[in-house]
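Here's the structure, in structure tokens; my notes come after.
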Amino acid sequence: MKHTARTLAGVLALVLVVAGFAPAQTGEGKVAILAGKILTMDANDTVHDNAVLFLRDGKVEKIEPIRSAGIPADYRVYDHREHWIVPGLIDPHNHTATDVNGLNETIALTNPGLRAMDIATLGSNNNDRSLAGGVTTCLMIPGSATNMGGFGVVVRMGAKRPEDLIMKGYGSLKIAQAGNPERFFFGGNRSYMNYNLRQTLEKARAYHEAWNAFEAGRSATKPAYDAVWDGFRGLFRREFPASVHTQIYQVVAKTISMLHDEFGLKVMIDHGTFDGYKTAEMVRDRGMYAMIGPRVWWMDPRDRTINGCAASYAKQGVVKIGLNTDAGVLPQEDLPMQGAMAVRYGWKTYDALKGMTYWAADSMNLTDRIGSIAPGLEADVVAWTGDPIDFRSGVERVWVLGQVAYDASERRLY
Amino acid sequence: MNARIIALLLVALGSAAWGLSHLASPPAVQAAELAPRPQDEQDEEDSARSDRLIVVKAGRVITVTGEELTNASIVIRDGKIEAVGTNVDYPYGSKIIDASDLVVMPGLINPVSRATRLDGGGNMTPNKTFGDALTLEPDDLEAIASTGYTTLGVVPNGSGLPGRSLVMRTGARDTAGLVVSEEGPVFMTFNTPNQDKGRVLQAFKAAQGELDKVEKARKDFEAKKNQKPATPPAPAPNPAPNPNPNPNPNPQPTPTPAPAPKEDPQPKPGPDPKPAPAPAKPAATDFVPPKVNPIYEPIIDLIQKKPGTIALVEFGMNSYQFWAPAPSASSIYLHWKEIPETYDFARAYRVRNSVVASNSPFFVTPESDLELAAADLGKEGAHVAIFPVVNHLPYTRDKFNLGLKLLRAGCRVVYVPERESWNEYAGMREDLARMVRAGFPREEVLKTVTVNAASMLGLGERLGSIEVGRDANLLFLTGDPLSFETKVDRVMIEGRVLDTRRRIR
Amino acid sequence: MTNMNRMPSLLILIALALPFAGTLVAQEPAAKSAEAPKDDAAKADDAKKDEKKDRWLHVHNVDVYPVVGPVIRDGEILIKNGVIEAVGQELEVPEAAETLDGQGFRAYPGLVALNGQGLVPAVSGEAAHSADPNGLWTILGLSGGITTVVTGTTAVKLQRETVEDYVLRKDLYMGMSYTSSNPRAKAQLRDELRKVYNYLRRKGDPKKDDDGDDKKDAAKAAGARPAAQANEDAEARKALGSAARYLPLMKGEAIAVFNANDAANIRDICDLVETFGFRAVVRGAIEGWTVAGNMGRAGITAVVAPRTRQDPDDTVSTPNGSTMANAAILHDHGVRVAIASLGANVDLDGSPGRDAVALAYSAGAAVRGGLAERYALEGVTIEAARCMGLDDRVGSIEVGKDADIVIVDGELLHYATHVQWAIVNGRLCYDKQSDQSFLCNIRPREGASADDGNQWWPRRFSEMPDAWSYDPEADWKRRNPEPEPKAEEKPAEKPAEGEAKKDGEAKPAEAPAEAPKSEGATPEKSPAGGGR
């Protein structure tokens, strides 16, 4: 790759021209990617070597072997025969929808009605860099300054149109059990914070159940609509998870017993670090999600060893493990690095990749849309030069909804 | 909440019961010997005539070095112990102190105190002494004495080689009487080797240079004398033992010409040439050594292994800064080791092994990693003064007893209070009990604050135990020294009972 | 290699030789006396003692990656007194040598950390006395493969359990600044350099002097030199005033280091360096890729941290901001590229990958940006050493260099590669399986083999071995050994694939499967994915 400033600028200009004025290429919305390897990351862990990935109208159409694939003339062909095609990575804990403080509303100790979807922005430097790191989807959640920061939103990073931006308006409910909310005005501590949380959730549950009763005909009086509590109905229907800022053994254990057992929520243990992995058996038995990060290891002072957090969950049989960057803390394009570090400290490469795609999508009930490559799923795919979590591998091209959203040959952002 | 209170009560009751059971024994069996004879003086406070001769009749005597005695007498003449035993005779007219229901042990010694501020002269003033700098309120002294401490080795402030420790009593009739010795251990800090190692090396190099200078002058003198057959061949045993010029002075046997008695008559050694055999009558034929730089005299004493001259080396920071890595204690020892490898001398160490709390997953306790150097220190048989705390193994929360580790390696452990506060001093006996609970041998733990501390000051022949000839620094306790309940009843320094009642009550 | 580089070693040689010659001469008459035989015997004894005192270390069963030459498969390294004595195969090894079985892993030169203030705080006081061999930071640095740390203007070695040979070299460089944000200082620097330049021209080129015959040099070195030097210095100081401090720089005896990231600033520095022709290093160089040609022409070495992030300024019409391709573009323009870590700190908080210890990953990121892996490796070893003038001592595995060697269990730049042993100054200073390392529980060496590392770059996932993965049962058994002889349950190992990525070469490995040859979508379940 020979670069000079001038040629680069030239290429940039050319691309701008093409993008701005040229009419759509032949076969708009039809793409065929020749791939050296396709990691589908589906439930069966299917891997295709030397295959063609057909995208059509923003969705995955089919996968066929290169030799037997007949590529129709109206498909735009991308040659990635020496690259790996991997589903776009998903960062399930990200604060950069606007900026880090934009989502840290410290109005009250619990802010049940706030919604991150109301402030999600289209296009930013973060967006482009995120794609350059192979991350196509982020769960933007409020910060952990209060016990309940509001609802997070699932955002498509490479979206070109506003309607593509928000994949799921109610992506999760952000709850912070301990660690940061102590800094809030009153300086409440763990027992008060849990009490406070419980009060709020009880109210939400009462609202949900009143509506349930009405809808099932058990109650004649129609409850009054309340915008503050209406979002919680999806939470109690387990349509989206609670992303719980929780770490350290005691706190994680309380998360499990209170939010999962008591309220029956779909719980995503966000962070889960320090010695949080000591709850691994409880997490495993309940089939909960552990989204590890941004810390990767914890030094166990008892036997003076460094223990990878993800590996320690996996060791005790937890399957649904993902990784996050807590972007703002780490840049979200470093999500693959989180995978690399998790593997360095004891985990497995494939599991890390699966955690960053399939399990992250699964935690948000989005496996029918993203997280793997299968016919009918949305075409957010990334061409890597190799093992995505290797520092030496780079993103060559990213397709979002079947359209090229990032091309490293124009300028390698990361 | 209730449960906690009950637990506390239980603990208190338990310890009380334990203490009582220990207390019960001495007074129960009161031997005939302890009964006062009719002629004996009963009033112990204001009897001037019997001041010179005192007999302590104690229910239990912890001599520390020897066996424990029950119902024994300690005969004290002129502030020194004359006799100890269960069947000792003493002249009539002695003042009798009835301690039949008390436990008597040697007064406690803190050899690395900073009870009073002694401002060192600089980085390179090893010969500075602080006899005049003693400013301690009588009240403070009384406070310290009432905790059972009778001797302090006060180290000077400053880094490098700021001067010599001041060994002092915690009670005397006047301020001048407080000083035991101005020429205590030669204090040197080695907290940050990048600053201190150079200074210490420089000091030793300079001292060696002075010695070489004297040696060269002596050789020249000898050569001259040999040329003149008139003079007799000079028996002088001293000039012989230095065949090799400079590099390795370790094997020097150095018979140390004028040992003990010289100290008293000469207040300030000043121009006194160290290796000179007999400065009394300088005959023309005798060798008159050139003057040495007085700054390096203590270091010369160290190199020549003058008895009682000891280097006191301080390792470890005041407070450990997590964000600014500084050498750990064992690394510091590695740096230090090179100095005694070149110049062998008597030395003792002081290590600040505070327990450092940290939120990091790495539980950084750099001072406690001195355990890595324990074997080497043990080979030296070194005195190591540490705080009576249970340390953490480096980078873990695993507890371990650094003192025990050093003891097993062969070190002479000295426990010192962590801070210069009355509470810390008063709590020392409890801290020692805690160390016993953490594995430190019970029979060794009292030595750490008495004999070991005394020999660390180079005063092992004078202080630290109840033996014939030692100073009568005694501590009267109401029970076992390691018991939680035991109080200090009174304190005696060189035969004089201190007026500490106000505090102790 | 310029003459300037050869000069010091020559001097040292002569300096070493002279006293020796002196003693020989002095003993000449003594040899004739009666005591001669005894003397000889004593000498022989002494020689024997010296031989006994020699520290020999023999590393065998390793693939040697010397960085400056071809890989030696199944190689050996012989180390004497901390210096590499021989590298190759089937070496002659003295009996006294300690041995280290590398178990077929790879030996690389120890890495040189140019951004190491967090590993070793800037030295104050006496550098040699500031070693912290038993400190936490030393262990962590070694676990990242780092053996040499540049902190401030001092280079030190990370060593355990000894304070000897700590300082590698002092006063490595002159920190300089040449930026438009301080025009006055900028002009002053230029003027002063001009002054020195003119002074040297008037005096005649000192470099020419060194090109004279060796005897003359030797005579100079023997004693006349220091005095002459002192005179010369005094004279220069008189003539130049404060500008005299740039004399060594202009004579090529010193290195100038600029901290510069901005394109305009770098361009200015390039001009300056080109004008006066001194050795210069630009640290940072975030926008170096936009002025790579200038840097190449000026012969400047760039010290870059490829993952540095600086968003482009859209108000500037020229290309700007950071790019991962920075190192690659610079290298393509002939700039020597040394690679530094992203952060100078040492992470103790559980967030690895961006701190000073993660130096190898910085090199990995340069590969991601298009730099050939070979040059990325050089960037953290020999180039990093060279830019600080340390390449005569460290940075590669070569005979005569310091024996700073890390033995790693895979490709050095791979994320799962751990340092198994680190040798510094010929001493074994780090062993991953020892109690001191913190990492003994992660993929314990027992059961791992050298081939595993090669397979970390699988062309096909189906071929990915499971041998490296964490086996909780095995780990549990290792930590809680049962009385009965333990059942050896190694994870399935597969021999190294021929396809597996070999060292050195650029990353996109073989040519693409030219003809679509596969049978098609062969759904293969990854062994790594399924089991746990």
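Chain labels run A, B, ... following the order of the structure tokens; each chain numbers its residues from 1, and ligands are numbered from 1 in the order shown.
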>> If the cut-off is 10 Å, can you tell me the residues of chain A near chain B, counting only C-alpha atoms? I'd like them as a list in words.
In response: Phe274, Asp275, Trp297, Trp298, Met299, Asp300, Pro301, Arg302, Asp303, Arg304, Thr305 and Ile306 of chain A
Taking only C-alpha atoms into account, report as a PDB file with C-alpha atoms, in the first residue's frame which residues of chain A lie within 6 Å of chain C.
ATOM      1  CA  ALA A   5      -0.976  12.685   0.991  1.00  0.00           C
ATOM      2  CA  ASP A  45     -21.395 -22.371  14.939  1.00  0.00           C
ATOM      3  CA  THR A  46     -21.320 -22.836  11.204  1.00  0.00           C
ATOM      4  CA  VAL A  47     -18.183 -21.787   9.379  1.00  0.00           C
ATOM      5  CA  HIS A  48     -18.000 -21.553   5.600  1.00  0.00           C
ATOM      6  CA  ASN A  50     -14.459 -20.043   0.284  1.00  0.00           C
ATOM      7  CA  PRO A  65     -19.787 -22.123  -2.176  1.00  0.00           C
ATOM      8  CA  ILE A  66     -17.619 -20.040  -4.466  1.00  0.00           C
ATOM      9  CA  ARG A  67     -17.205 -22.808  -7.006  1.00  0.00           C
ATOM     10  CA  ARG A  81     -11.217 -14.081  -0.941  1.00  0.00           C
ATOM     11  CA  GLU A  82      -8.371 -13.674   1.509  1.00  0.00           C
ATOM     12  CA  ARG A 295     -11.974  -4.405  33.152  1.00  0.00           C
ATOM     13  CA  VAL A 296     -10.701  -7.694  31.886  1.00  0.00           C
ATOM     14  CA  TRP A 297      -8.991  -9.366  34.783  1.00  0.00           C
ATOM     15  CA  TRP A 298      -9.002  -9.339  38.484  1.00  0.00           C
ATOM     16  CA  ARG A 304      -1.711 -14.027  43.886  1.00  0.00           C
ATOM     17  CA  THR A 305      -2.875 -14.782  40.381  1.00  0.00           C
ATOM     18  CA  ILE A 306      -4.422 -12.747  37.647  1.00  0.00           C
ATOM     19  CA  LYS A 315     -14.791 -21.980  33.642  1.00  0.00           C
ATOM     20  CA  ALA A 340      -8.118 -10.329  22.653  1.00  0.00           C
ATOM     21  CA  ARG A 344      -5.058 -13.653  26.632  1.00  0.00           C
ATOM     22  CA  GLY A 346      -7.640 -17.530  29.699  1.00  0.00           C
ATOM     23  CA  LYS A 348     -11.106 -18.920  23.932  1.00  0.00           C
ATOM     24  CA  TYR A 350     -14.198 -18.454  19.205  1.00  0.00           C
ATOM     25  CA  ASP A 351     -16.134 -17.945  22.397  1.00  0.00           C
ATOM     26  CA  PHE A 391      -4.303  -6.710  16.898  1.00  0.00           C
ATOM     27  CA  ARG A 392      -2.767  -7.289  13.502  1.00  0.00           C
ATOM     28  CA  SER A 393      -6.070  -7.803  11.726  1.00  0.00           C
ATOM     29  CA  GLY A 394      -7.834  -4.852  10.277  1.00  0.00           C
ATOM     30  CA  LEU A 413      -9.379   5.131  10.637  1.00  0.00           C
ATOM     31  CA  TYR A 414      -8.426   2.324  12.960  1.00  0.00           C
TER      32      TYR A 414
END
>> Taking the DSSP secondary structure from the backbone, can you list the residues of region 75-213 of chain B that are strand (DSSP E or B), as an NGL selection string?
In response: :B and (75-77 or 80-85 or 95-106 or 108-113 or 119 or 124 or 149-154 or 157 or 161 or 163-164 or 166-169 or 179-181 or 186-189)
>> as a ChimeraX atom specification, could you give me every residue of chain C near chain B (at most 8 Å apart, counting only C-alpha atoms)?
In response: /C:120-121,124-135,137,161-163,348-349
>> Can you tell me, as a count of residues only, which residues in region 160-220 of chain B count as helix (DSSP H, G or I) by DSSP?
In response: 32
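The interatomic distance for the pair CA of Val400 (chain A) and CA of Ile63 (chain A) works out to 17.3 Å.
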>> Show me, as a PyMOL selection string, the residues that have an atom within 10 Å of region 252-264 of chain A when counting only C-alpha atoms, minus same-chain residues fewer than 3 positions from it.
In response: chain A and resi 175-178+190+194+197-198+201-202+205+235-238+242+244-249+267-273+275-280+282-283+286+288
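We find CA of Glu420 (chain B) and CA of Ile144 (chain B) to be spaced 9.4 Å apart.
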>> Taking 2 positions as the minimum chain separation for residues in the same chain, which residues sit within 6 Å of region 248-252 of chain C when counting only C-alpha atoms? Answer as an NGL selection string.
In response: :C and (246 or 254 or 278)
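When CA of Ala236 (chain C) is paired with CA of Ala298 (chain C), their separation reads 27.0 Å.
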>> Taking 2 positions as the minimum chain separation for residues in the same chain, which residues sit within 7 Å of Asp79 (chain A) when counting only C-alpha atoms? Answer as a VMD selection string.
In response: chain A and resid 33 to 34 77 81
Would you mind exporting the chosen residues as a PDB file, in the first residue's frame, restricted to N, CA and C atoms?
ATOM      1  N   ILE A  33     -20.423 -11.024  -1.887  1.00  0.00           N
ATOM      2  CA  ILE A  33     -19.095 -10.902  -1.286  1.00  0.00           C
ATOM      3  C   ILE A  33     -18.409 -12.252  -1.390  1.00  0.00           C
ATOM      4  N   LEU A  34     -17.285 -12.257  -2.121  1.00  0.00           N
ATOM      5  CA  LEU A  34     -16.484 -13.475  -2.163  1.00  0.00           C
ATOM      6  C   LEU A  34     -15.654 -13.507  -0.886  1.00  0.00           C
ATOM      7  N   VAL A  77     -20.056  -7.155  -7.000  1.00  0.00           N
ATOM      8  CA  VAL A  77     -19.199  -8.165  -6.397  1.00  0.00           C
ATOM      9  C   VAL A  77     -18.037  -7.499  -5.640  1.00  0.00           C
ATOM     10  N   ARG A  81     -11.536 -12.664  -1.004  1.00  0.00           N
ATOM     11  CA  ARG A  81     -11.217 -14.081  -0.941  1.00  0.00           C
ATOM     12  C   ARG A  81     -10.096 -14.396   0.042  1.00  0.00           C
TER      13      ARG A  81
END
Which residues are close to region 223-234 of chain A, i.e. within 12 Å by only C-alpha atoms, leaving aside same-chain residues fewer than 4 positions away? Reply as an mmCIF file with C-alpha atoms, in the first residue's frame.
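File around-v5.cif, as written:
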data_model
loop_
_atom_site.group_PDB
_atom_site.id
_atom_site.type_symbol
_atom_site.label_atom_id
_atom_site.label_comp_id
_atom_site.auth_asym_id
_atom_site.auth_seq_id
_atom_site.Cartn_x
_atom_site.Cartn_y
_atom_site.Cartn_z
ATOM 1 C CA THR A 110 -34.068 6.800 40.128
ATOM 2 C CA ASN A 111 -35.052 8.234 36.763
ATOM 3 C CA PRO A 112 -37.526 5.716 35.423
ATOM 4 C CA GLY A 113 -38.965 7.764 32.554
ATOM 5 C CA LEU A 114 -35.785 8.824 30.775
ATOM 6 C CA ARG A 115 -35.115 7.381 27.355
ATOM 7 C CA MET A 117 -33.640 6.966 22.256
ATOM 8 C CA GLY A 150 -33.498 5.319 32.160
ATOM 9 C CA PHE A 151 -33.937 3.245 29.039
ATOM 10 C CA GLY A 152 -31.068 2.484 26.720
ATOM 11 C CA LYS A 168 -34.768 -0.870 19.194
ATOM 12 C CA GLY A 169 -36.042 2.136 21.081
ATOM 13 C CA TYR A 170 -36.368 0.309 24.347
ATOM 14 C CA GLY A 171 -33.067 -1.484 24.270
ATOM 15 C CA SER A 172 -32.643 -2.039 27.956
ATOM 16 C CA LEU A 173 -33.297 -0.460 31.305
ATOM 17 C CA LYS A 174 -30.190 0.872 32.931
ATOM 18 C CA THR A 200 -39.481 2.076 41.819
ATOM 19 C CA LEU A 201 -39.744 -1.342 40.276
ATOM 20 C CA GLU A 202 -42.756 -2.195 42.453
ATOM 21 C CA LYS A 203 -44.529 0.850 41.101
ATOM 22 C CA ALA A 204 -43.665 -0.142 37.585
ATOM 23 C CA ARG A 205 -44.859 -3.656 38.188
ATOM 24 C CA ALA A 206 -48.124 -2.426 39.640
ATOM 25 C CA TYR A 207 -48.696 -0.342 36.516
ATOM 26 C CA HIS A 208 -47.842 -3.290 34.308
ATOM 27 C CA GLU A 209 -50.123 -5.621 36.174
ATOM 28 C CA ALA A 210 -53.000 -3.186 36.179
ATOM 29 C CA TRP A 211 -52.771 -3.013 32.406
ATOM 30 C CA ASN A 212 -52.370 -6.741 32.167
ATOM 31 C CA ALA A 213 -55.528 -7.225 34.168
ATOM 32 C CA PHE A 214 -57.384 -4.767 32.005
ATOM 33 C CA GLU A 215 -56.178 -6.294 28.778
ATOM 34 C CA SER A 219 -60.421 -5.592 35.297
ATOM 35 C CA ARG A 238 -38.824 -9.752 29.052
ATOM 36 C CA GLU A 239 -38.733 -8.093 25.664
ATOM 37 C CA PHE A 240 -35.557 -6.329 26.601
ATOM 38 C CA PRO A 241 -33.107 -6.757 29.413
ATOM 39 C CA ALA A 242 -32.103 -4.674 32.347
ATOM 40 C CA PHE A 263 -38.784 -9.247 39.696
ATOM 41 C CA LEU A 265 -36.389 -9.524 34.730
ATOM 42 C CA LYS A 266 -34.127 -10.489 31.921
ATOM 43 C CA MET A 364 -31.253 -7.815 23.524
ATOM 44 C CA ASN A 365 -33.689 -10.223 21.854
#
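Near region 140-143 of chain A, within 8 Å and counting only C-alpha atoms, sit Pro92, His93, Asn94, His95, Thr96, Ala97, Val100, Asn101, Leu103, Asn104, Glu105, Ala116, Cys138, Ala145, Thr146, Gly149, Gly150, Phe151, Gly152, Val153, Val154, Val155, Ser172, Leu173 and Lys174 of chain A, not including residues fewer than 2 positions from it in the same chain.
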Using N, CA and C atoms, can you write the selected residues to a file as a CSV table (one decimal), in the first residue's frame?
chain,number,residue,atom,x,y,z
A,92,PRO,N,-22.5,-4.0,24.0
A,92,PRO,CA,-23.7,-3.9,24.8
A,92,PRO,C,-23.7,-2.9,25.9
A,93,HIS,N,-22.6,-2.1,25.9
A,93,HIS,CA,-22.5,-1.1,27.0
A,93,HIS,C,-21.7,0.0,26.5
A,94,ASN,N,-22.4,1.1,26.2
A,94,ASN,CA,-21.8,2.2,25.5
A,94,ASN,C,-22.5,3.4,25.9
A,95,HIS,N,-21.7,4.5,26.1
A,95,HIS,CA,-22.3,5.7,26.6
A,95,HIS,C,-22.2,6.9,25.6
A,96,THR,N,-21.8,6.6,24.4
A,96,THR,CA,-21.4,7.7,23.5
A,96,THR,C,-22.5,8.2,22.5
A,97,ALA,N,-23.8,8.0,22.9
A,97,ALA,CA,-24.9,8.4,21.9
A,97,ALA,C,-24.7,9.8,21.6
A,100,VAL,N,-20.4,11.5,26.7
A,100,VAL,CA,-20.5,10.7,27.9
A,100,VAL,C,-21.5,11.3,28.9
A,101,ASN,N,-21.5,12.6,29.0
A,101,ASN,CA,-22.4,13.2,30.0
A,101,ASN,C,-23.8,13.3,29.6
A,103,LEU,N,-25.8,11.3,28.7
A,103,LEU,CA,-26.7,10.3,29.2
A,103,LEU,C,-26.6,10.1,30.7
A,104,ASN,N,-25.9,10.9,31.3
A,104,ASN,CA,-25.8,10.8,32.8
A,104,ASN,C,-26.6,11.8,33.5
A,105,GLU,N,-27.9,11.6,33.4
A,105,GLU,CA,-28.9,12.5,34.1
A,105,GLU,C,-28.9,12.2,35.5
A,116,ALA,N,-33.0,7.0,26.4
A,116,ALA,CA,-31.8,7.4,25.5
A,116,ALA,C,-32.2,7.6,24.1
A,138,CYS,N,-24.5,-0.8,18.8
A,138,CYS,CA,-24.2,-0.4,20.2
A,138,CYS,C,-25.5,-0.3,21.0
A,145,ALA,N,-24.6,7.0,37.2
A,145,ALA,CA,-24.6,8.0,38.2
A,145,ALA,C,-25.8,7.8,39.2
A,146,THR,N,-26.8,7.2,38.7
A,146,THR,CA,-28.0,7.1,39.6
A,146,THR,C,-28.4,5.6,39.5
A,149,GLY,N,-31.0,4.9,35.4
A,149,GLY,CA,-30.7,6.0,34.6
A,149,GLY,C,-31.7,6.2,33.4
A,150,GLY,N,-32.5,5.2,33.2
A,150,GLY,CA,-33.5,5.3,32.2
A,150,GLY,C,-33.3,4.2,31.2
A,151,PHE,N,-34.0,4.3,30.0
A,151,PHE,CA,-33.9,3.2,29.0
A,151,PHE,C,-32.8,3.5,28.0
A,152,GLY,N,-32.1,2.4,27.7
A,152,GLY,CA,-31.1,2.5,26.7
A,152,GLY,C,-31.7,2.2,25.4
A,153,VAL,N,-30.9,2.5,24.3
A,153,VAL,CA,-31.4,2.3,23.0
A,153,VAL,C,-30.4,1.6,22.2
A,154,VAL,N,-30.8,0.7,21.3
A,154,VAL,CA,-29.9,-0.1,20.4
A,154,VAL,C,-29.7,0.7,19.2
A,155,VAL,N,-28.5,1.1,18.9
A,155,VAL,CA,-28.2,2.0,17.8
A,155,VAL,C,-27.4,1.3,16.7
A,172,SER,N,-32.8,-1.4,26.6
A,172,SER,CA,-32.6,-2.0,28.0
A,172,SER,C,-33.0,-1.0,29.0
A,173,LEU,N,-33.1,-1.4,30.2
A,173,LEU,CA,-33.3,-0.5,31.3
A,173,LEU,C,-32.0,-0.4,32.1
A,174,LYS,N,-31.5,0.8,32.2
A,174,LYS,CA,-30.2,0.9,32.9
A,174,LYS,C,-30.4,0.9,34.4
